[in-house]
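Encoded as structure tokens, the structure appears first; notes follow it.
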Amino acid sequence: MNLYEFCNIIIVWLVDLVNNLWYWLGDFLPWVFGDFFTWAGDLAASDGHIAAMTILLEVLVVLIVAIVNVLNFIWLDRKLSGRIFDFYGPYYVGYRIGGWLQNIADGMKLFVKEIITPKDVDRLGFVLAPVIFVSSSFLILATIPLSPNFGVSTNMDGDFVAAGVLFAFAAFAIAPFSILLAGWSSNNKYTLIGGMRSAAQMMSYEIPLLLVVASVFLLSGDFSFVGVVDAQHDVWFAIPLFIGFIVFLVCIAAEVEVTPFDLPEAEAELVEGWTTEYCGMRFGFFMMTSYLRGYAGGALATALFLGGWQGPALIPDEIWFLIKAYCVFVVIEWMRWSVPRVRVDQILNLGWKRLMPLAMLNLVIAAALKTMGWF
Amino acid sequence: MWINMGPQHPMTHGLWNLRIKVDGETIVDAEPEVGYLHRGIEKICENRTFTQVIPITDRLCYGSSMSWSHLYCRSVEDLMGLEVPPRAQYIRVAVLEMQRIASHLMWLAAYAADLGMMAGFIYGMRDREVFVDLLQDLTGSRLTYNYPRVGGVSHDVPPGWDKDALRACDYMEQRLREYEDIYEGSKIFMMRNVGVGVLKRDLAMNLGVTGPPMRASGAKYDLRKDRPYEAYDEMDFQVCSRTEGDCFARYRVRMDEMWESCRIIRQAVQKMPKGEWRVVAPRNAPAGTGVAMVEDPRGEGMMYVVGDGTDRPYRLKIRSPIFVTVSAAPQFLVGYKIADVVAIMGGLDMCIGENDR
């Protein structure tokens, strides 16, 4: 049973439940609104309505899974950074579960803080930027299935968006726009520099990233997550495309803005960069979403290079997928806490002079492998 | 576009303002503004007796308070014509070098945080604890020690302290090797440091820059060697210097100084003679002047004290090394990127307490 069927059963049951009320009301008040109630009940039972509600429920389930994962990620990051820094990390709040509740406590703190909109900001852009940032990041997760049975699919057969991988990367690339918007509208020199850095940085890492993804498409011959993962049945793409995998990890680190590449929010130079003027839950959303993007980055690396949900059948596919995604995330965080930050001209050099030729080389290797008929 | 980096900014390590004019990300002009932390220490000192001034000079620098109260005591000893007993000289050398290591470690921690390397920040502060604990065993406090006295030090070292000091040196040398691996093994750290903020030797000397920034520019000048005070002339150590004059050279000079400080602590603790640790100083100073210069962790500190026959200084003038270094900073900030500001200014080891006095 896949997620669509599961949600479909729940929705059909709910619609039946509610329809009983509608039809009963239609029987009870036949002389006034009877036609209306029966019409509403028929509408609710129609295929279109049930399909739409099923997809909404699917999205809700996927989002809840994603948010729980993000809470795990924040906790893991704190514990891991604590171990790297030679201390314990959070352990007071939720003592018996390793300080896991610290995230909830911090979320509550941010939630009750006042949301201040500074006087001279461009209000539309200032308010819109977090919305775009958060929604585009959630959009990535909506496209990534944890297994062929667990993801936002559109019919009983569990078919996902045919160009799902492309869609995920398109959604990934929206965020720099909102960062630029936030930086510009905050009316602050530091945020402006942060936003501009974000735009400049995107130019340098986005192209090698997509070239590497193109090599994956070349080998798999499919744009959808299921197709890409199925193509890795014999060997993970991380082995033939090892160069591409390294380039991909570096670019994903730049995309989710962890430390060697967190120029837009370089706290030593730009105070807090583009998030300087945001406070309260708006800042909390930024914080949470940056980890959400880390999760999405790990999930994409898993699906594209590490064989996705494939693994020995001892544990379910979804768990395999999450284990691999967590491993990629741990590697990224390890890098994050142990190296300094690069300069803005250096990241441009890195992107154009190092990653770009490597990505090209990787594409050539992929083409050669395909031509030899090995994939 | 003029940008105010400060008075409240993560880069400043204190309370001062660096105004930079940028063209895109490139700095075309810079202008430090100091004075936010002016407490009038020189004036306060005129109303206190010579002994009462010592805790106030402790407050000059939160990073290395020992070297400043020691400097003050030396200048008053010069005014009074006192000779410090040998044991006190050796104790002073040992605690000054411990203070130097603690100060340099705090610099290293802040520098790593400036460059965005949080692990380096925690490690530096963790290992500074070892030397702060040693000084706490000796003096009872962790930040402002109030330990040197005019004519010696306030009390003898506690039993077993010398063994702790030797063990701390062993630990520190092990850690220094680890630091060198962490920092110099990091390609990004080298990218951020090599060739950034180059200060030429002639310019450094003309501007009056002293301490590690001057030695990193190729000038091999260290007051501990060239005008030895206390027992430094009996110690065997090298003057650390580099010729590049960039941020990496400054980093390297400070790391080498920590190695040398470990050597000096070992010698001072092992060769420490028995005897008195303090001579009784007269209450009133004669009319006249006294001056002392020491090699502070941040450069060349100098104090000039004028006595008028009473028990209070008539005038106390403090020469802060960081004040001169910061005034010189615009000369080697121009032409680099905004991100280099934190590397360059962090590499100078700012301490606003002594700067604004």
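Each chain in the structure tokens gets a letter, A, B and so on, in the order shown; residues start at 1 in every chain, and ligands are counted from 1 in the order they appear.
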Mind checking DSSP for region 96-303 of chain A and telling me the alpha helix (DSSP H) residues as a ChimeraX atom specification? /A:102-111,123-143,164-172,175-185,189-220,225-231,242-255,280-303
Could you give me, as an mmCIF file with N, CA and C atoms, in the first residue's frame, the residues within 7 Å of region 11-18 of chain A, counting only C-alpha atoms and dropping anything in the same chain fewer than 2 positions from it?
data_model
loop_
_atom_site.group_PDB
_atom_site.id
_atom_site.type_symbol
_atom_site.label_atom_id
_atom_site.label_comp_id
_atom_site.auth_asym_id
_atom_site.auth_seq_id
_atom_site.Cartn_x
_atom_site.Cartn_y
_atom_site.Cartn_z
ATOM 1 N N CYS A 7 -3.893 7.456 2.185
ATOM 2 C CA CYS A 7 -4.617 8.710 2.391
ATOM 3 C C CYS A 7 -6.003 8.639 1.775
ATOM 4 N N ASN A 8 -6.081 7.941 0.654
ATOM 5 C CA ASN A 8 -7.362 7.838 -0.024
ATOM 6 C C ASN A 8 -8.391 7.146 0.870
ATOM 7 N N ILE A 9 -7.969 6.083 1.536
ATOM 8 C CA ILE A 9 -8.888 5.362 2.432
ATOM 9 C C ILE A 9 -9.375 6.299 3.527
ATOM 10 N N ASN A 20 -22.944 11.558 5.485
ATOM 11 C CA ASN A 20 -24.104 11.121 6.253
ATOM 12 C C ASN A 20 -24.796 12.316 6.868
ATOM 13 N N LEU A 21 -23.992 13.261 7.368
ATOM 14 C CA LEU A 21 -24.565 14.478 7.964
ATOM 15 C C LEU A 21 -25.304 15.299 6.918
ATOM 16 N N TRP A 22 -24.616 15.493 5.761
ATOM 17 C CA TRP A 22 -25.269 16.288 4.706
ATOM 18 C C TRP A 22 -26.613 15.674 4.317
ATOM 19 N N ALA A 44 -18.964 16.460 -2.534
ATOM 20 C CA ALA A 44 -17.907 15.954 -1.659
ATOM 21 C C ALA A 44 -17.515 14.536 -2.039
ATOM 22 N N ALA A 45 -18.458 13.767 -2.546
ATOM 23 C CA ALA A 45 -18.142 12.380 -2.888
ATOM 24 C C ALA A 45 -17.578 12.252 -4.289
ATOM 25 N N ILE A 50 -12.204 14.141 -3.939
ATOM 26 C CA ILE A 50 -11.489 13.152 -3.126
ATOM 27 C C ILE A 50 -10.015 13.123 -3.507
ATOM 28 N N MET A 53 -8.337 16.259 -1.998
ATOM 29 C CA MET A 53 -8.157 16.157 -0.560
ATOM 30 C C MET A 53 -7.095 15.120 -0.204
ATOM 31 N N THR A 54 -7.028 14.051 -1.012
ATOM 32 C CA THR A 54 -6.018 13.026 -0.749
ATOM 33 C C THR A 54 -4.620 13.606 -0.894
#
May I have the residues within 8 Å of Val344 (chain A) as a ChimeraX atom specification, using only C-alpha atoms and disregarding those fewer than 5 positions away in the same chain? /A:197,201,263 /B:339
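Near chain B, within 9 Å and counting only C-alpha atoms, the residues of chain A are A:Ser81, A:Ile84, A:Phe85, A:Asp86, A:Lys189, A:Tyr190, A:Ile193, A:Thr259, A:Pro260, A:Ala266, A:Glu267, A:Ala268, A:Glu269, A:Leu270, A:Val271, A:Arg336, A:Trp337, A:Ser338, A:Val339, A:Pro340, A:Arg341, A:Val342, A:Arg343, A:Val344, A:Asp345, A:Gln346.
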Find the spatial neighbours of region 140-146 of chain A, counting only C-alpha atoms, within a cut-off of 8 Å - ignore same-chain residues fewer than 5 positions away - and output them as an NGL selection string. :A and (59 or 62-63 or 66 or 151-152 or 160-161 or 164-165 or 167-169 or 171-172 or 225 or 296 or 299-300 or 309 or 317-318 or 321-322)
Would you save the residues from that selection as an mmCIF file, in the first residue's frame, using N, CA, C and O atoms?
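As a result, selection-v8.cif now contains:
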data_model
loop_
_atom_site.group_PDB
_atom_site.id
_atom_site.type_symbol
_atom_site.label_atom_id
_atom_site.label_comp_id
_atom_site.auth_asym_id
_atom_site.auth_seq_id
_atom_site.Cartn_x
_atom_site.Cartn_y
_atom_site.Cartn_z
ATOM 1 N N VAL A 59 0.440 15.682 1.417
ATOM 2 C CA VAL A 59 1.388 16.779 1.666
ATOM 3 C C VAL A 59 1.539 16.986 3.164
ATOM 4 O O VAL A 59 2.653 17.175 3.673
ATOM 5 N N VAL A 62 3.697 14.245 4.611
ATOM 6 C CA VAL A 62 5.101 14.423 4.217
ATOM 7 C C VAL A 62 5.724 15.579 4.991
ATOM 8 O O VAL A 62 6.863 15.495 5.455
ATOM 9 N N LEU A 63 4.957 16.648 5.180
ATOM 10 C CA LEU A 63 5.490 17.799 5.911
ATOM 11 C C LEU A 63 5.752 17.451 7.362
ATOM 12 O O LEU A 63 6.769 17.861 7.924
ATOM 13 N N ALA A 66 8.804 15.538 7.537
ATOM 14 C CA ALA A 66 9.951 16.413 7.301
ATOM 15 C C ALA A 66 10.267 17.228 8.536
ATOM 16 O O ALA A 66 11.434 17.375 8.913
ATOM 17 N N GLY A 151 5.602 9.274 -0.690
ATOM 18 C CA GLY A 151 5.909 10.545 -1.323
ATOM 19 C C GLY A 151 4.632 11.130 -1.841
ATOM 20 O O GLY A 151 3.588 10.482 -1.801
ATOM 21 N N VAL A 152 4.680 12.370 -2.299
ATOM 22 C CA VAL A 152 3.466 12.994 -2.807
ATOM 23 C C VAL A 152 3.242 12.500 -4.227
ATOM 24 O O VAL A 152 3.834 12.995 -5.178
ATOM 25 N N PHE A 160 5.050 9.654 -9.420
ATOM 26 C CA PHE A 160 5.472 10.975 -8.953
ATOM 27 C C PHE A 160 5.595 11.904 -10.145
ATOM 28 O O PHE A 160 5.402 11.503 -11.295
ATOM 29 N N VAL A 161 5.936 13.158 -9.849
ATOM 30 C CA VAL A 161 6.138 14.125 -10.929
ATOM 31 C C VAL A 161 7.232 13.586 -11.837
ATOM 32 O O VAL A 161 8.282 13.140 -11.368
ATOM 33 N N GLY A 164 10.728 15.129 -11.450
ATOM 34 C CA GLY A 164 10.804 15.481 -10.036
ATOM 35 C C GLY A 164 12.141 16.052 -9.626
ATOM 36 O O GLY A 164 12.217 17.011 -8.862
ATOM 37 N N VAL A 165 13.233 15.469 -10.138
ATOM 38 C CA VAL A 165 14.549 15.936 -9.740
ATOM 39 C C VAL A 165 14.768 17.366 -10.215
ATOM 40 O O VAL A 165 15.262 18.226 -9.476
ATOM 41 N N PHE A 167 12.503 19.530 -10.782
ATOM 42 C CA PHE A 167 11.636 20.399 -9.996
ATOM 43 C C PHE A 167 12.272 20.711 -8.651
ATOM 44 O O PHE A 167 12.257 21.845 -8.181
ATOM 45 N N ALA A 168 12.874 19.684 -8.047
ATOM 46 C CA ALA A 168 13.502 19.900 -6.739
ATOM 47 C C ALA A 168 14.626 20.922 -6.844
ATOM 48 O O ALA A 168 14.756 21.821 -6.010
ATOM 49 N N PHE A 169 15.433 20.814 -7.904
ATOM 50 C CA PHE A 169 16.545 21.767 -8.010
ATOM 51 C C PHE A 169 16.051 23.154 -8.354
ATOM 52 O O PHE A 169 16.634 24.159 -7.921
ATOM 53 N N ALA A 171 13.260 24.385 -7.261
ATOM 54 C CA ALA A 171 12.779 24.944 -5.993
ATOM 55 C C ALA A 171 13.944 25.319 -5.091
ATOM 56 O O ALA A 171 13.892 26.317 -4.364
ATOM 57 N N PHE A 172 15.016 24.543 -5.164
ATOM 58 C CA PHE A 172 16.197 24.832 -4.357
ATOM 59 C C PHE A 172 16.778 26.192 -4.722
ATOM 60 O O PHE A 172 17.304 26.921 -3.861
ATOM 61 N N PHE A 225 12.655 10.737 -9.578
ATOM 62 C CA PHE A 225 13.420 10.133 -8.502
ATOM 63 C C PHE A 225 13.413 8.617 -8.596
ATOM 64 O O PHE A 225 14.435 7.964 -8.385
ATOM 65 N N ALA A 296 17.063 18.499 2.932
ATOM 66 C CA ALA A 296 16.786 18.318 1.503
ATOM 67 C C ALA A 296 18.075 18.027 0.750
ATOM 68 O O ALA A 296 18.091 17.177 -0.154
ATOM 69 N N ALA A 299 18.998 14.514 1.356
ATOM 70 C CA ALA A 299 18.089 13.612 0.652
ATOM 71 C C ALA A 299 18.404 13.577 -0.838
ATOM 72 O O ALA A 299 18.388 12.509 -1.461
ATOM 73 N N LEU A 300 18.727 14.739 -1.411
ATOM 74 C CA LEU A 300 19.049 14.765 -2.841
ATOM 75 C C LEU A 300 20.336 13.990 -3.113
ATOM 76 O O LEU A 300 20.417 13.216 -4.073
ATOM 77 N N TRP A 309 16.684 4.596 -1.655
ATOM 78 C CA TRP A 309 16.118 3.722 -0.624
ATOM 79 C C TRP A 309 16.551 2.279 -0.775
ATOM 80 O O TRP A 309 16.012 1.416 -0.117
ATOM 81 N N ASP A 317 12.431 0.533 3.406
ATOM 82 C CA ASP A 317 13.073 1.433 2.453
ATOM 83 C C ASP A 317 13.221 2.845 3.013
ATOM 84 O O ASP A 317 14.258 3.487 2.861
ATOM 85 N N GLU A 318 12.135 3.330 3.644
ATOM 86 C CA GLU A 318 12.148 4.712 4.120
ATOM 87 C C GLU A 318 13.275 4.916 5.126
ATOM 88 O O GLU A 318 13.951 5.939 5.120
ATOM 89 N N PHE A 321 16.573 5.175 3.443
ATOM 90 C CA PHE A 321 16.742 6.508 2.836
ATOM 91 C C PHE A 321 17.143 7.523 3.896
ATOM 92 O O PHE A 321 18.092 8.293 3.718
ATOM 93 N N LEU A 322 16.453 7.481 5.052
ATOM 94 C CA LEU A 322 16.746 8.470 6.088
ATOM 95 C C LEU A 322 18.144 8.251 6.667
ATOM 96 O O LEU A 322 18.847 9.218 6.933
#
Listing only residues of region 188-261 of chain B within 10 Å of region 266-279 of chain B, what is the closest atom pair and its distance in Å (to one decimal) for each, using only C-alpha atoms, sorted by chain and residue number ascending, as JSON lines?
{"residue": "B:Ala231", "atom": "CA", "partner": "B:Ala268", "partner_atom": "CA", "distance": 8.3}
{"residue": "B:Tyr232", "atom": "CA", "partner": "B:Ala268", "partner_atom": "CA", "distance": 9.0}
{"residue": "B:Glu234", "atom": "CA", "partner": "B:Ala268", "partner_atom": "CA", "distance": 9.0}
{"residue": "B:Met235", "atom": "CA", "partner": "B:Gln267", "partner_atom": "CA", "distance": 6.8}
{"residue": "B:Asp236", "atom": "CA", "partner": "B:Gln267", "partner_atom": "CA", "distance": 8.0}
{"residue": "B:Phe237", "atom": "CA", "partner": "B:Gln267", "partner_atom": "CA", "distance": 9.8}
{"residue": "B:Glu260", "atom": "CA", "partner": "B:Arg266", "partner_atom": "CA", "distance": 9.9}
{"residue": "B:Ser261", "atom": "CA", "partner": "B:Arg266", "partner_atom": "CA", "distance": 8.5}
I'd like to know which of A:Met108, A:Ile365, A:Ala325, A:Val68 is closest to Leu241 (chain A), using only C-alpha atoms. A:Ile365
Region 287-301 of chain B surroundings by only C-alpha atoms, 9 Å radius, close-in-sequence under 6 positions cut, as JSON, numbers by chain: {"B": [64, 67, 68, 70, 71, 72, 73, 74, 75, 76, 77, 78, 79, 80, 81, 96, 97, 99, 100, 101, 103, 104, 209, 210, 211, 212, 213, 214, 222, 223, 224, 227, 228, 229, 254, 307, 308, 309, 310, 318, 319, 320, 321, 322, 325, 348, 349, 350, 351]}
So what do you get for CA of Thr139 (chain B) versus CA of Val157 (chain B), distance-wise?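 Rounded to one decimal, the two atoms are 8.7 Å apart.
From CA of Thr117 (chain A) back to CA of Ala175 (chain A), the distance works out to 21.1 Å.
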Quick one: pull the distance between CA of Val328 (chain A) and CA of Phe248 (chain A), Å, one decimal.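 These two atoms are separated by 11.3 Å.
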Could you name the residues that touch Asp77 (chain A) at 12 Å or less, counting only C-alpha atoms, but leaving out those on the same chain fewer than 4 positions away, as a VMD selection string? chain A and resid 69 to 73 81 to 85 88 to 90 100 103 258 291 294 to 295 326 to 327 329 to 337
